Amino acid sequence: MINKPALYHLHHADEIEDVPFWLQLAKEMGSPVLELGCGTGRLLLPLLESGLEVIGLDINFEMLSYFKGQLSDHSVEKVNIFQADLENFHLECEFSFIFLACNTLSTLQEETRLNAYSRIHEHLIDDGIFAVSIPNPIRLASLSAQGESEIEASFSHPITGNPIQVSSEWQRSDRFIVFHWHYDHLLPDGYVERETIQSRHSLITPGAYHMELQAANLNPIKIYGDFEKTDFQKDSPFLIMIAQKGPGIL
């Protein structure tokens, strides 16, 4: 089986619905742009290719190594990538735009979120923008207590060419929902190699996220329910919040 960063990247490589959203925001705010939790570079690469000056930060060394392996020699010179914790990073730079995508915020514990907001505030210029996207917690909280495993996607193993089937299942409590993503490498002899990646998401309300941001002087100015900028509703697929450092208008 290939390593987890490669599995993650191949699984999500075709997910491009959010790319125009982040690209537009980044161009409106201007360089440099900081992506927190940049992972394997699914979003940072198109921003880099558009000509923006980008900086990526992630705590996972293997994810960053995979990202660097995708960059050409020319691109390596144009992007800075740092391994750091979201609640402890210190960069000698301020940004007009910082974003945290790919559902990462809802996987963080409360203390980590609050510390991360403080670091974000420190790294934004006055009136700078912080944007974040997570799965709609109201929608997640409405799911059944347990979800059975179903095949959701498939792709070819980059070395063997054999199929990899992706399935997921979940267990939900009142406070959290835990997803288990199973990657099954189907071998010609009938055997299956399985790798599993787990993610746990908090089910606190959109209002609670809103209050956390305000307490950190990151004032929400826009709240969307999808990457087409539709107003947030209880059944929206996502909760996307755009906050400004300093006084904001809802």
# chains A, B, ... in the order shown; residues from 1 in each chain; ligands from 1
$ residues_around --residues "His9 of chain A" --least-positions-apart "3" --cutoff "12 Å" --atoms "only C-alpha atoms" --output "number ranges by chain"
A: 2-6, 12-15, 38-43, 62-64, 66-67, 70, 102, 155, 157-158
$ residues_around --residues "Arg172 of chain A" --least-positions-apart "3" --cutoff "6 Å" --atoms "only C-alpha atoms" --output "list in words"
Ala145, Phe176 and Ile177 of chain A
$ atom_distance --atom1 "atom CA of Gly225 of chain A" --atom2 "atom CA of Leu239 of chain A"
5.2 Å
$ closest_residue --among "A:Asn136, A:Tyr183, A:Gln198, A:Phe97" --to "Leu124 of chain A" --atoms "only C-alpha atoms"
A:Phe97
$ residues_around --residues "Asp189 of chain A" --least-positions-apart "4" --cutoff "12 Å" --atoms "only C-alpha atoms" --output "JSON, numbers by chain"
{"A": [162, 185, 193]}
$ closest_atom_pairs --of "segment 142-182 of chain A" --to "segment 199-220 of chain A" --cutoff "12 Å" --atoms "only C-alpha atoms" --output "tab-separated table"
residue	atom	partner	partner_atom	distance
A:Ser142	CA	A:Leu203	CA	10.1
A:Leu143	CA	A:Leu203	CA	11.3
A:Ser168	CA	A:Ser199	CA	10.8
A:Glu169	CA	A:Ser199	CA	10.9
A:Trp170	CA	A:Arg200	CA	9.4
A:Gln171	CA	A:Arg200	CA	9.5
A:Arg172	CA	A:Leu203	CA	9.4
A:Ser173	CA	A:Leu203	CA	8.9
A:Asp174	CA	A:Leu203	CA	7.4
A:Arg175	CA	A:Leu203	CA	5.2
A:Phe176	CA	A:Ser202	CA	4.7
A:Ile177	CA	A:His201	CA	5.4
A:Val178	CA	A:Arg200	CA	4.3
A:Phe179	CA	A:Ser199	CA	5.3
A:His180	CA	A:Ser199	CA	6.7
A:Trp181	CA	A:Ser199	CA	8.3
A:His182	CA	A:Ser199	CA	11.6
$ closest_residue --among "A:Leu108, A:Ile120, A:Ala84, A:Val132" --to "Tyr224 of chain A" --atoms "only C-alpha atoms"
A:Val132
$ residues_around --residues "Leu91 of chain A" --least-positions-apart "4" --cutoff "12 Å" --atoms "only C-alpha atoms" --output "count of residues only"
17
$ select_by_dssp --residues "segment 99-214 of chain A" --states "alpha helix (DSSP H)" --output "list in words"
Glu110, Glu111, Thr112, Arg113, Leu114, Asn115, Ala116, Tyr117, Ser118, Arg119, Ile120, His121, Glu122, His123, Pro137, Ile138, Arg139, Leu140, Ala141, Pro206, Gly207, Ala208, Tyr209, His210, Met211, Glu212, Leu213 and Gln214 of chain A
